[in-house]
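Below: target_13.csv (CSV, C-alpha atoms)
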```csv
chain,number,residue,atom,x,y,z
A,1,MET,CA,148.5,222.4,118.7
A,2,GLY,CA,147.1,222.7,115.2
A,3,GLY,CA,144.9,225.6,116.3
A,4,ARG,CA,147.9,227.6,117.7
A,5,PHE,CA,149.9,226.9,114.6
A,6,GLY,CA,147.0,228.1,112.4
A,7,ASP,CA,146.6,231.3,114.5
A,8,LYS,CA,150.3,232.1,114.3
A,9,HIS,CA,151.3,231.1,110.8
A,10,GLY,CA,148.0,230.9,108.9
A,11,ARG,CA,145.3,228.2,108.6
A,12,LYS,CA,146.1,227.6,104.9
A,13,LYS,CA,149.7,226.5,105.8
A,14,PHE,CA,148.4,224.1,108.3
A,15,LEU,CA,145.9,222.6,105.8
A,16,VAL,CA,148.7,222.1,103.3
A,17,ILE,CA,151.0,220.5,105.8
A,18,ALA,CA,148.2,218.3,107.1
A,19,GLY,CA,147.2,217.2,103.6
A,20,PHE,CA,150.6,216.2,102.5
A,21,GLY,CA,151.6,214.7,105.8
A,22,LEU,CA,148.3,212.8,106.1
A,23,GLY,CA,148.4,211.5,102.5
A,24,GLY,CA,152.0,211.4,101.5
A,25,VAL,CA,153.5,209.9,104.6
A,26,CYS,CA,150.8,208.0,106.6
A,27,VAL,CA,148.1,206.6,104.4
A,28,PHE,CA,150.5,205.8,101.5
A,29,PHE,CA,152.8,203.7,103.7
A,30,MET,CA,149.9,201.9,105.3
A,31,GLY,CA,149.7,200.0,102.0
A,32,PHE,CA,153.1,198.5,102.7
A,33,VAL,CA,152.8,197.5,106.4
A,34,THR,CA,153.4,193.8,107.3
A,35,THR,CA,152.5,193.9,111.0
A,36,VAL,CA,149.7,195.3,113.2
A,37,PHE,CA,152.4,197.3,115.2
A,38,GLN,CA,153.6,199.0,112.0
A,39,LEU,CA,150.0,200.0,111.2
A,40,PHE,CA,149.6,201.2,114.8
A,41,LEU,CA,152.7,203.5,114.5
A,42,LEU,CA,151.4,205.0,111.2
A,43,ARG,CA,148.0,205.6,112.7
A,44,MET,CA,149.6,207.3,115.7
A,45,LEU,CA,151.7,209.5,113.3
A,46,MET,CA,148.6,210.2,111.4
A,47,GLY,CA,147.2,211.8,114.6
A,48,PHE,CA,149.8,214.5,114.4
A,49,PHE,CA,148.5,215.6,111.0
A,50,SER,CA,144.8,215.4,112.0
A,51,GLY,CA,142.5,218.4,112.1
A,52,PHE,CA,142.1,219.0,108.4
A,53,ILE,CA,138.3,219.4,108.6
A,54,SER,CA,138.2,221.4,111.8
A,55,MET,CA,140.9,223.8,110.5
A,56,SER,CA,138.9,224.2,107.3
A,57,GLN,CA,135.9,225.2,109.4
A,58,ALA,CA,138.1,227.6,111.3
A,59,LEU,CA,139.4,229.1,108.1
A,60,ILE,CA,135.9,229.6,106.7
A,61,SER,CA,134.6,231.0,110.0
A,62,THR,CA,137.3,233.8,109.9
A,63,GLN,CA,136.7,234.5,106.2
A,64,THR,CA,132.9,234.6,106.1
A,65,PRO,CA,130.4,237.3,107.2
A,66,LYS,CA,128.6,236.1,110.3
A,67,ARG,CA,125.1,236.7,108.8
A,68,ILE,CA,125.7,233.7,106.4
A,69,ALA,CA,128.0,231.6,108.6
A,70,GLY,CA,125.4,228.8,109.0
A,71,LYS,CA,124.8,228.6,105.2
A,72,VAL,CA,128.5,228.6,104.4
A,73,LEU,CA,129.6,226.1,107.1
A,74,GLY,CA,126.7,223.9,106.0
A,75,THR,CA,128.1,224.0,102.5
A,76,LEU,CA,131.5,222.9,103.8
A,77,GLN,CA,129.8,220.1,105.8
A,78,THR,CA,128.0,219.1,102.6
A,79,GLY,CA,131.4,218.7,100.9
A,80,ASN,CA,132.8,216.8,103.9
A,81,VAL,CA,129.9,214.4,104.0
A,82,THR,CA,130.0,213.9,100.3
A,83,GLY,CA,133.4,212.4,100.9
A,84,SER,CA,132.0,210.4,103.8
A,85,LEU,CA,129.3,209.2,101.6
A,86,LEU,CA,131.4,208.1,98.6
A,87,GLY,CA,134.6,207.2,100.4
A,88,PRO,CA,133.4,204.1,102.4
A,89,LEU,CA,131.4,202.9,99.5
A,90,PHE,CA,134.2,203.1,96.9
A,91,GLY,CA,136.7,202.0,99.6
A,92,GLY,CA,134.7,198.9,100.2
A,93,ILE,CA,134.4,198.1,96.5
A,94,LEU,CA,138.2,198.7,96.0
A,95,ALA,CA,139.1,196.6,99.1
A,96,ASP,CA,137.0,193.7,97.9
A,97,SER,CA,138.3,193.8,94.3
A,98,LEU,CA,141.9,195.1,94.6
A,99,GLY,CA,142.9,194.4,98.2
A,100,TYR,CA,143.4,196.6,101.3
A,101,ALA,CA,147.0,197.6,100.4
A,102,THR,CA,146.1,199.1,97.0
A,103,THR,CA,143.1,200.9,98.6
A,104,PHE,CA,145.4,202.7,101.0
A,105,GLN,CA,147.7,203.8,98.1
A,106,ILE,CA,144.9,205.0,96.0
A,107,THR,CA,143.5,206.9,99.0
A,108,SER,CA,146.8,208.7,99.5
A,109,VAL,CA,146.5,210.1,95.9
A,110,THR,CA,143.2,211.8,96.8
A,111,LEU,CA,144.8,213.4,99.9
A,112,PHE,CA,147.6,214.7,97.8
A,113,MET,CA,145.0,216.2,95.5
A,114,ALA,CA,143.3,217.9,98.4
A,115,ALA,CA,146.6,219.4,99.6
A,116,PHE,CA,147.3,220.8,96.0
A,117,PHE,CA,143.8,222.3,95.8
A,118,VAL,CA,144.4,224.2,99.1
A,119,LEU,CA,147.9,225.2,98.0
A,120,PHE,CA,146.9,226.7,94.6
A,121,GLY,CA,143.2,227.3,94.9
A,122,ILE,CA,142.7,229.1,98.2
A,123,LYS,CA,143.7,232.6,99.2
A,124,GLU,CA,143.6,233.4,102.9
A,125,VAL,CA,142.9,237.0,103.8
A,126,LYS,CA,144.6,237.8,107.1
A,127,VAL,CA,142.3,239.5,109.6
A,128,GLU,CA,144.1,242.4,111.0
A,129,GLN,CA,143.5,243.3,114.6
A,130,LYS,CA,143.5,246.9,115.6
A,131,THR,CA,145.0,247.1,119.0
A,132,SER,CA,148.2,245.9,120.5
A,133,GLU,CA,146.2,243.9,123.1
A,134,GLN,CA,144.5,242.0,120.3
A,135,ARG,CA,147.8,241.3,118.5
A,136,LYS,CA,149.6,239.8,121.4
A,137,SER,CA,150.1,236.0,121.7
A,138,TYR,CA,148.2,234.3,124.5
A,139,SER,CA,149.6,231.6,126.6
A,140,THR,CA,147.8,228.2,127.0
A,141,ARG,CA,146.6,229.3,130.4
A,142,GLU,CA,145.1,232.5,129.1
A,143,VAL,CA,143.4,230.7,126.2
A,144,LEU,CA,141.9,228.1,128.7
A,145,GLN,CA,140.7,230.9,131.0
A,146,HIS,CA,139.1,232.7,128.0
A,147,ILE,CA,137.3,229.5,127.1
A,148,PHE,CA,136.1,228.5,130.6
A,149,PHE,CA,134.9,232.0,131.4
A,150,ASN,CA,132.8,232.1,128.2
A,151,PRO,CA,129.6,230.0,128.7
A,152,VAL,CA,129.0,229.7,124.9
A,153,LEU,CA,132.4,228.3,124.2
A,154,VAL,CA,132.2,225.9,127.2
A,155,MET,CA,128.9,224.6,126.0
A,156,VAL,CA,130.2,224.1,122.4
A,157,MET,CA,133.2,222.3,123.7
A,158,VAL,CA,131.2,219.9,125.9
A,159,ILE,CA,128.6,219.2,123.2
A,160,SER,CA,131.2,218.6,120.6
A,161,MET,CA,133.0,216.2,122.9
A,162,PHE,CA,130.0,214.1,123.6
A,163,VAL,CA,128.9,214.1,119.9
A,164,GLN,CA,132.4,212.9,118.9
A,165,ILE,CA,132.5,210.3,121.6
A,166,ALA,CA,129.1,208.9,120.5
A,167,ASN,CA,130.1,209.0,116.8
A,168,PHE,CA,133.6,207.5,117.0
A,169,SER,CA,132.8,204.9,119.7
A,170,ILE,CA,130.5,203.2,117.2
A,171,GLN,CA,132.9,203.3,114.2
A,172,PRO,CA,135.4,200.6,115.3
A,173,ILE,CA,132.6,198.0,115.9
A,174,LEU,CA,130.3,198.9,113.0
A,175,SER,CA,132.1,196.5,110.6
A,176,LEU,CA,131.8,193.7,113.3
A,177,PHE,CA,128.1,194.4,113.7
A,178,VAL,CA,127.6,194.3,109.9
A,179,HIS,CA,129.4,191.0,109.8
A,180,GLU,CA,127.1,189.7,112.6
A,181,LEU,CA,124.0,190.8,110.7
A,182,HIS,CA,125.0,189.9,107.1
A,183,GLY,CA,127.9,187.4,107.3
A,184,SER,CA,131.3,187.6,105.7
A,185,GLU,CA,130.2,187.9,102.0
A,186,SER,CA,131.4,191.3,100.6
A,187,ILE,CA,131.9,192.5,104.1
A,188,ALA,CA,134.0,195.6,103.1
A,189,PHE,CA,131.3,196.7,100.7
A,190,PHE,CA,128.4,196.4,103.1
A,191,SER,CA,130.4,198.0,105.9
A,192,GLY,CA,131.1,200.9,103.5
A,193,LEU,CA,127.4,201.0,102.7
A,194,ALA,CA,126.5,201.4,106.4
A,195,PHE,CA,129.0,204.2,106.7
A,196,SER,CA,127.8,205.8,103.5
A,197,ALA,CA,124.2,205.8,104.5
A,198,THR,CA,125.1,208.2,107.3
A,199,GLY,CA,126.9,210.4,104.8
A,200,LEU,CA,123.9,210.5,102.5
A,201,GLY,CA,121.6,211.7,105.3
A,202,ASN,CA,124.2,214.2,106.2
A,203,LEU,CA,124.6,215.4,102.6
A,204,LEU,CA,120.9,216.0,102.1
A,205,MET,CA,120.4,218.1,105.3
A,206,ALA,CA,123.6,219.7,106.6
A,207,ARG,CA,123.3,222.9,104.5
A,208,ASN,CA,119.6,223.1,105.2
A,209,TRP,CA,120.1,222.8,109.0
A,210,GLY,CA,122.6,225.6,108.8
A,211,LYS,CA,120.2,227.9,106.9
A,212,LEU,CA,117.4,227.1,109.3
A,213,ALA,CA,119.6,227.8,112.3
A,214,ASP,CA,120.5,231.2,110.8
A,215,LYS,CA,116.8,232.1,110.9
A,216,VAL,CA,115.5,230.3,114.0
A,217,GLY,CA,118.5,230.3,116.3
A,218,TYR,CA,121.4,228.0,116.8
A,219,GLU,CA,120.5,226.8,120.3
A,220,LYS,CA,116.9,225.8,119.3
A,221,ILE,CA,118.1,223.8,116.3
A,222,LEU,CA,121.0,222.2,118.2
A,223,ILE,CA,118.7,221.0,121.0
A,224,LEU,CA,116.3,219.4,118.4
A,225,LEU,CA,119.2,217.7,116.6
A,226,LEU,CA,120.7,216.3,119.8
A,227,PHE,CA,117.4,214.7,120.7
A,228,LEU,CA,117.0,213.3,117.1
A,229,SER,CA,120.5,211.9,117.2
A,230,ALA,CA,119.8,210.0,120.4
A,231,LEU,CA,116.5,208.9,119.1
A,232,PHE,CA,118.1,207.3,116.0
A,233,TYR,CA,121.1,205.9,117.7
A,234,LEU,CA,119.3,203.6,120.1
A,235,PRO,CA,117.3,201.4,117.6
A,236,GLU,CA,120.6,200.5,115.8
A,237,ALA,CA,121.3,198.1,118.6
A,238,TYR,CA,118.1,196.2,117.8
A,239,ALA,CA,118.5,196.0,114.0
A,240,SER,CA,117.9,192.4,112.8
A,241,ASN,CA,119.2,192.8,109.3
A,242,ILE,CA,121.6,194.9,107.3
A,243,TRP,CA,118.9,197.0,105.6
A,244,GLN,CA,117.4,198.1,108.9
A,245,LEU,CA,120.8,199.2,110.1
A,246,VAL,CA,121.4,201.1,106.8
A,247,GLY,CA,118.0,202.9,107.2
A,248,LEU,CA,118.8,203.9,110.8
A,249,ARG,CA,122.2,205.1,109.8
A,250,PHE,CA,120.7,207.3,107.1
A,251,LEU,CA,118.3,208.9,109.7
A,252,LEU,CA,121.2,209.4,112.1
A,253,GLY,CA,123.2,211.1,109.3
A,254,ILE,CA,120.3,213.6,108.9
A,255,ALA,CA,120.6,214.6,112.5
A,256,ILE,CA,124.3,214.3,113.3
A,257,GLY,CA,125.5,216.3,110.3
A,258,GLY,CA,123.4,219.3,111.5
A,259,ASN,CA,125.1,218.9,114.9
A,260,TYR,CA,128.5,219.6,113.4
A,261,THR,CA,127.3,222.6,111.4
A,262,VAL,CA,125.4,224.3,114.2
A,263,THR,CA,128.0,223.7,116.9
A,264,ASN,CA,130.6,225.4,114.6
A,265,CYS,CA,128.2,228.3,114.1
A,266,LEU,CA,127.8,228.6,117.9
A,267,TYR,CA,131.5,228.6,118.3
A,268,SER,CA,131.9,231.3,115.8
A,269,SER,CA,129.2,233.4,117.4
A,270,GLY,CA,130.6,232.8,120.9
A,271,TYR,CA,134.0,233.9,119.8
A,272,THR,CA,132.5,237.0,118.3
A,273,ILE,CA,130.5,237.9,121.4
A,274,SER,CA,133.5,237.5,123.7
A,275,HIS,CA,135.8,239.3,121.3
A,276,SER,CA,133.4,242.2,121.2
A,277,ARG,CA,133.1,242.4,125.0
A,278,ARG,CA,136.9,242.4,125.3
A,279,SER,CA,137.1,245.2,122.7
A,280,THR,CA,134.4,247.2,124.6
A,281,ARG,CA,136.4,247.0,127.8
A,282,LEU,CA,139.5,248.2,126.0
```
Translate the structure described by the file into structure tokens.
Amino acid sequence: MGGRFGDKHGRKKFLVIAGFGLGGVCVFFMGFVTTVFQLFLLRMLMGFFSGFISMSQALISTQTPKRIAGKVLGTLQTGNVTGSLLGPLFGGILADSLGYATTFQITSVTLFMAAFFVLFGIKEVKVEQKTSEQRKSYSTREVLQHIFFNPVLVMVMVISMFVQIANFSIQPILSLFVHELHGSESIAFFSGLAFSATGLGNLLMARNWGKLADKVGYEKILILLLFLSALFYLPEAYASNIWQLVGLRFLLGIAIGGNYTVTNCLYSSGYTISHSRRSTRL
């Protein structure tokens, strides 16, 4: 839904709407909930405004020369994981010192700021398409046919799905696992530390993986990163103290951040290949 809106009305507009909706409506009012059901409804509403990062990647993909796509998307991923690094850590400190409600309200301010940065700091150059066939709007069925008949796009979709499943299936239980290893003392801080360790590894290597993939090849680097991600995920289950877990999360961040960067590069290259083939047929 967000992708179609971005294609039709512009990706910048979607980012502004998502930023204000995500911060102004959902996260801010989470600081005032009194029941789990109210929090559930706001989280569900939050899903309608999700996709800020993925739409940012789509915006950069269309505005960046393909020869430096890996480097630029790696830079974006670096900014993303910097937030992933600092956010859980500061969020844990704020939650322990000021409470969860105040933390939600402060977080909403940062999302407002992101939306204002996009609104006033980004200029989107519309990519004009030359033929009437390229300008036409495609139905959902046609879009799905285009994806499923393009092996590169299918591969990227499947890989992204499994990476996201692996990543997000751990997140809801990570705090519980930290509590099991460390106890209840400063639980928000140490949970944030475990999340931030992944962000730190991501921060250090995301851009470098993108640059390396530009030179060596996206497929080769992606295969390496998928093996490394699996290799670092498994030992987390056998961590016996918080610091072992933090170290393994750091190593995981080195690998999994590169996965996001390289799969987006593959998507961009896959779209370009299929688009070129279609233009040749025309």
Separation of CA of Asn241 in chain A from CA of Leu193 in chain A in Å: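 Between these atoms lies a distance of 13.3 Å.
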Need the shell around Leu111 in chain A: protein/DNA/RNA residues with any atom at most 9 Å away, counting all atoms listed in the file. Skip same-chain ones fewer than 3 positions apart. Format as an MDAnalysis selection string? chainID A and resid 19:20 22:24 27 107:108 114:116
Do you have the CA of Gln171 in chain A-CA of Phe195 in chain A distance handy?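 Computed distance, CA of Gln171 in chain A to CA of Phe195 in chain A, equals 8.5 Å.
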Check the smallest atom-to-atom distance from each of A:Ile93, A:Ile17, A:Val109, A:Leu176 to Phe48 in chain A using all atoms listed in the file, then report the winner.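 Of A:Ile93, A:Ile17, A:Val109, A:Leu176, the one nearest Phe48 in chain A is A:Ile17, counting all atoms listed in the file.
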Pick from A:Met30, A:Ala101, A:Leu266, A:Leu181, whichever lies nearest to Met157 in chain A using all atoms listed in the file: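 Among A:Met30, A:Ala101, A:Leu266, A:Leu181, it is A:Leu266 that comes nearest to Met157 in chain A.
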Can I get N, CA and C atoms for range 15-57 of chain A, as a PDB file, in the first residue's frame?
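So the final result, stored in decode_22.pdb, reads:
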```
ATOM      1  N   LEU A  15       6.870   9.650   3.219  1.00  0.00           N
ATOM      2  CA  LEU A  15       7.760   9.753   4.376  1.00  0.00           C
ATOM      3  C   LEU A  15       7.254  10.807   5.367  1.00  0.00           C
ATOM      4  N   VAL A  16       6.759  11.927   4.849  1.00  0.00           N
ATOM      5  CA  VAL A  16       6.233  12.980   5.731  1.00  0.00           C
ATOM      6  C   VAL A  16       4.997  12.483   6.471  1.00  0.00           C
ATOM      7  N   ILE A  17       4.071  11.852   5.742  1.00  0.00           N
ATOM      8  CA  ILE A  17       2.854  11.334   6.372  1.00  0.00           C
ATOM      9  C   ILE A  17       3.192  10.266   7.405  1.00  0.00           C
ATOM     10  N   ALA A  18       4.100   9.356   7.037  1.00  0.00           N
ATOM     11  CA  ALA A  18       4.484   8.288   7.963  1.00  0.00           C
ATOM     12  C   ALA A  18       5.163   8.854   9.199  1.00  0.00           C
ATOM     13  N   GLY A  19       6.027   9.856   9.023  1.00  0.00           N
ATOM     14  CA  GLY A  19       6.734  10.446  10.155  1.00  0.00           C
ATOM     15  C   GLY A  19       5.792  11.135  11.130  1.00  0.00           C
ATOM     16  N   PHE A  20       4.889  11.949  10.605  1.00  0.00           N
ATOM     17  CA  PHE A  20       3.942  12.644  11.485  1.00  0.00           C
ATOM     18  C   PHE A  20       2.934  11.672  12.089  1.00  0.00           C
ATOM     19  N   GLY A  21       2.466  10.714  11.283  1.00  0.00           N
ATOM     20  CA  GLY A  21       1.504   9.753  11.809  1.00  0.00           C
ATOM     21  C   GLY A  21       2.123   8.862  12.861  1.00  0.00           C
ATOM     22  N   LEU A  22       3.336   8.390  12.571  1.00  0.00           N
ATOM     23  CA  LEU A  22       4.034   7.499  13.486  1.00  0.00           C
ATOM     24  C   LEU A  22       4.353   8.203  14.801  1.00  0.00           C
ATOM     25  N   GLY A  23       4.853   9.445  14.704  1.00  0.00           N
ATOM     26  CA  GLY A  23       5.264  10.161  15.920  1.00  0.00           C
ATOM     27  C   GLY A  23       4.139  10.920  16.584  1.00  0.00           C
ATOM     28  N   GLY A  24       3.364  11.678  15.767  1.00  0.00           N
ATOM     29  CA  GLY A  24       2.364  12.563  16.343  1.00  0.00           C
ATOM     30  C   GLY A  24       1.159  11.857  16.907  1.00  0.00           C
ATOM     31  N   VAL A  25       0.778  10.751  16.305  1.00  0.00           N
ATOM     32  CA  VAL A  25      -0.448  10.082  16.727  1.00  0.00           C
ATOM     33  C   VAL A  25      -0.154   8.870  17.618  1.00  0.00           C
ATOM     34  N   CYS A  26       0.649   7.974  17.097  1.00  0.00           N
ATOM     35  CA  CYS A  26       0.786   6.670  17.749  1.00  0.00           C
ATOM     36  C   CYS A  26       1.700   6.698  18.968  1.00  0.00           C
ATOM     37  N   VAL A  27       2.970   7.027  18.752  1.00  0.00           N
ATOM     38  CA  VAL A  27       3.934   6.926  19.846  1.00  0.00           C
ATOM     39  C   VAL A  27       3.618   7.916  20.960  1.00  0.00           C
ATOM     40  N   PHE A  28       3.208   9.126  20.602  1.00  0.00           N
ATOM     41  CA  PHE A  28       2.900  10.125  21.631  1.00  0.00           C
ATOM     42  C   PHE A  28       1.789   9.639  22.560  1.00  0.00           C
ATOM     43  N   PHE A  29       0.709   9.098  21.982  1.00  0.00           N
ATOM     44  CA  PHE A  29      -0.415   8.679  22.808  1.00  0.00           C
ATOM     45  C   PHE A  29      -0.164   7.367  23.543  1.00  0.00           C
ATOM     46  N   MET A  30       0.876   6.634  23.135  1.00  0.00           N
ATOM     47  CA  MET A  30       1.249   5.458  23.916  1.00  0.00           C
ATOM     48  C   MET A  30       1.682   5.833  25.326  1.00  0.00           C
ATOM     49  N   GLY A  31       2.138   7.066  25.499  1.00  0.00           N
ATOM     50  CA  GLY A  31       2.523   7.529  26.830  1.00  0.00           C
ATOM     51  C   GLY A  31       1.353   7.772  27.757  1.00  0.00           C
ATOM     52  N   PHE A  32       0.112   7.668  27.232  1.00  0.00           N
ATOM     53  CA  PHE A  32      -1.069   7.947  28.047  1.00  0.00           C
ATOM     54  C   PHE A  32      -1.993   6.742  28.203  1.00  0.00           C
ATOM     55  N   VAL A  33      -1.597   5.595  27.661  1.00  0.00           N
ATOM     56  CA  VAL A  33      -2.477   4.422  27.735  1.00  0.00           C
ATOM     57  C   VAL A  33      -2.583   3.927  29.170  1.00  0.00           C
ATOM     58  N   THR A  34      -3.719   3.324  29.464  1.00  0.00           N
ATOM     59  CA  THR A  34      -3.942   2.774  30.808  1.00  0.00           C
ATOM     60  C   THR A  34      -4.230   1.276  30.793  1.00  0.00           C
ATOM     61  N   THR A  35      -4.402   0.703  29.586  1.00  0.00           N
ATOM     62  CA  THR A  35      -4.663  -0.739  29.487  1.00  0.00           C
ATOM     63  C   THR A  35      -3.833  -1.325  28.353  1.00  0.00           C
ATOM     64  N   VAL A  36      -3.653  -2.625  28.386  1.00  0.00           N
ATOM     65  CA  VAL A  36      -2.928  -3.322  27.325  1.00  0.00           C
ATOM     66  C   VAL A  36      -3.685  -3.222  26.006  1.00  0.00           C
ATOM     67  N   PHE A  37      -5.032  -3.246  26.065  1.00  0.00           N
ATOM     68  CA  PHE A  37      -5.828  -3.170  24.845  1.00  0.00           C
ATOM     69  C   PHE A  37      -5.640  -1.826  24.138  1.00  0.00           C
ATOM     70  N   GLN A  38      -5.564  -0.742  24.908  1.00  0.00           N
ATOM     71  CA  GLN A  38      -5.304   0.566  24.308  1.00  0.00           C
ATOM     72  C   GLN A  38      -3.944   0.591  23.612  1.00  0.00           C
ATOM     73  N   LEU A  39      -2.945  -0.002  24.254  1.00  0.00           N
ATOM     74  CA  LEU A  39      -1.617  -0.077  23.654  1.00  0.00           C
ATOM     75  C   LEU A  39      -1.649  -0.922  22.382  1.00  0.00           C
ATOM     76  N   PHE A  40      -2.421  -2.009  22.408  1.00  0.00           N
ATOM     77  CA  PHE A  40      -2.558  -2.868  21.234  1.00  0.00           C
ATOM     78  C   PHE A  40      -3.157  -2.098  20.061  1.00  0.00           C
ATOM     79  N   LEU A  41      -4.191  -1.309  20.310  1.00  0.00           N
ATOM     80  CA  LEU A  41      -4.829  -0.543  19.245  1.00  0.00           C
ATOM     81  C   LEU A  41      -3.867   0.476  18.639  1.00  0.00           C
ATOM     82  N   LEU A  42      -3.106   1.147  19.484  1.00  0.00           N
ATOM     83  CA  LEU A  42      -2.147   2.122  18.978  1.00  0.00           C
ATOM     84  C   LEU A  42      -1.030   1.445  18.191  1.00  0.00           C
ATOM     85  N   ARG A  43      -0.598   0.277  18.649  1.00  0.00           N
ATOM     86  CA  ARG A  43       0.412  -0.460  17.912  1.00  0.00           C
ATOM     87  C   ARG A  43      -0.127  -0.912  16.551  1.00  0.00           C
ATOM     88  N   MET A  44      -1.397  -1.289  16.516  1.00  0.00           N
ATOM     89  CA  MET A  44      -2.007  -1.682  15.256  1.00  0.00           C
ATOM     90  C   MET A  44      -2.109  -0.480  14.314  1.00  0.00           C
ATOM     91  N   LEU A  45      -2.532   0.673  14.862  1.00  0.00           N
ATOM     92  CA  LEU A  45      -2.582   1.894  14.058  1.00  0.00           C
ATOM     93  C   LEU A  45      -1.200   2.274  13.561  1.00  0.00           C
ATOM     94  N   MET A  46      -0.210   2.053  14.382  1.00  0.00           N
ATOM     95  CA  MET A  46       1.171   2.348  14.020  1.00  0.00           C
ATOM     96  C   MET A  46       1.598   1.570  12.781  1.00  0.00           C
ATOM     97  N   GLY A  47       1.038   0.360  12.621  1.00  0.00           N
ATOM     98  CA  GLY A  47       1.363  -0.443  11.450  1.00  0.00           C
ATOM     99  C   GLY A  47       0.947   0.204  10.143  1.00  0.00           C
ATOM    100  N   PHE A  48      -0.132   1.028  10.167  1.00  0.00           N
ATOM    101  CA  PHE A  48      -0.573   1.703   8.956  1.00  0.00           C
ATOM    102  C   PHE A  48       0.423   2.763   8.497  1.00  0.00           C
ATOM    103  N   PHE A  49       1.245   3.262   9.409  1.00  0.00           N
ATOM    104  CA  PHE A  49       2.227   4.294   9.081  1.00  0.00           C
ATOM    105  C   PHE A  49       3.644   3.731   9.023  1.00  0.00           C
ATOM    106  N   SER A  50       3.772   2.406   9.027  1.00  0.00           N
ATOM    107  CA  SER A  50       5.105   1.800   8.991  1.00  0.00           C
ATOM    108  C   SER A  50       5.670   1.880   7.573  1.00  0.00           C
ATOM    109  N   GLY A  51       6.943   1.585   7.446  1.00  0.00           N
ATOM    110  CA  GLY A  51       7.580   1.602   6.138  1.00  0.00           C
ATOM    111  C   GLY A  51       8.451   2.806   5.893  1.00  0.00           C
ATOM    112  N   PHE A  52       8.744   3.572   6.954  1.00  0.00           N
ATOM    113  CA  PHE A  52       9.563   4.782   6.785  1.00  0.00           C
ATOM    114  C   PHE A  52      10.943   4.420   6.242  1.00  0.00           C
ATOM    115  N   ILE A  53      11.595   3.415   6.825  1.00  0.00           N
ATOM    116  CA  ILE A  53      12.943   3.044   6.406  1.00  0.00           C
ATOM    117  C   ILE A  53      12.932   2.447   4.999  1.00  0.00           C
ATOM    118  N   SER A  54      12.000   1.538   4.733  1.00  0.00           N
ATOM    119  CA  SER A  54      11.957   0.903   3.415  1.00  0.00           C
ATOM    120  C   SER A  54      11.649   1.919   2.318  1.00  0.00           C
ATOM    121  N   MET A  55      10.770   2.904   2.616  1.00  0.00           N
ATOM    122  CA  MET A  55      10.481   3.927   1.629  1.00  0.00           C
ATOM    123  C   MET A  55      11.674   4.856   1.437  1.00  0.00           C
ATOM    124  N   SER A  56      12.441   5.090   2.498  1.00  0.00           N
ATOM    125  CA  SER A  56      13.676   5.870   2.356  1.00  0.00           C
ATOM    126  C   SER A  56      14.646   5.169   1.423  1.00  0.00           C
ATOM    127  N   GLN A  57      14.740   3.856   1.561  1.00  0.00           N
ATOM    128  CA  GLN A  57      15.614   3.081   0.681  1.00  0.00           C
ATOM    129  C   GLN A  57      15.132   3.148  -0.759  1.00  0.00           C
TER     130      GLN A  57
END
```
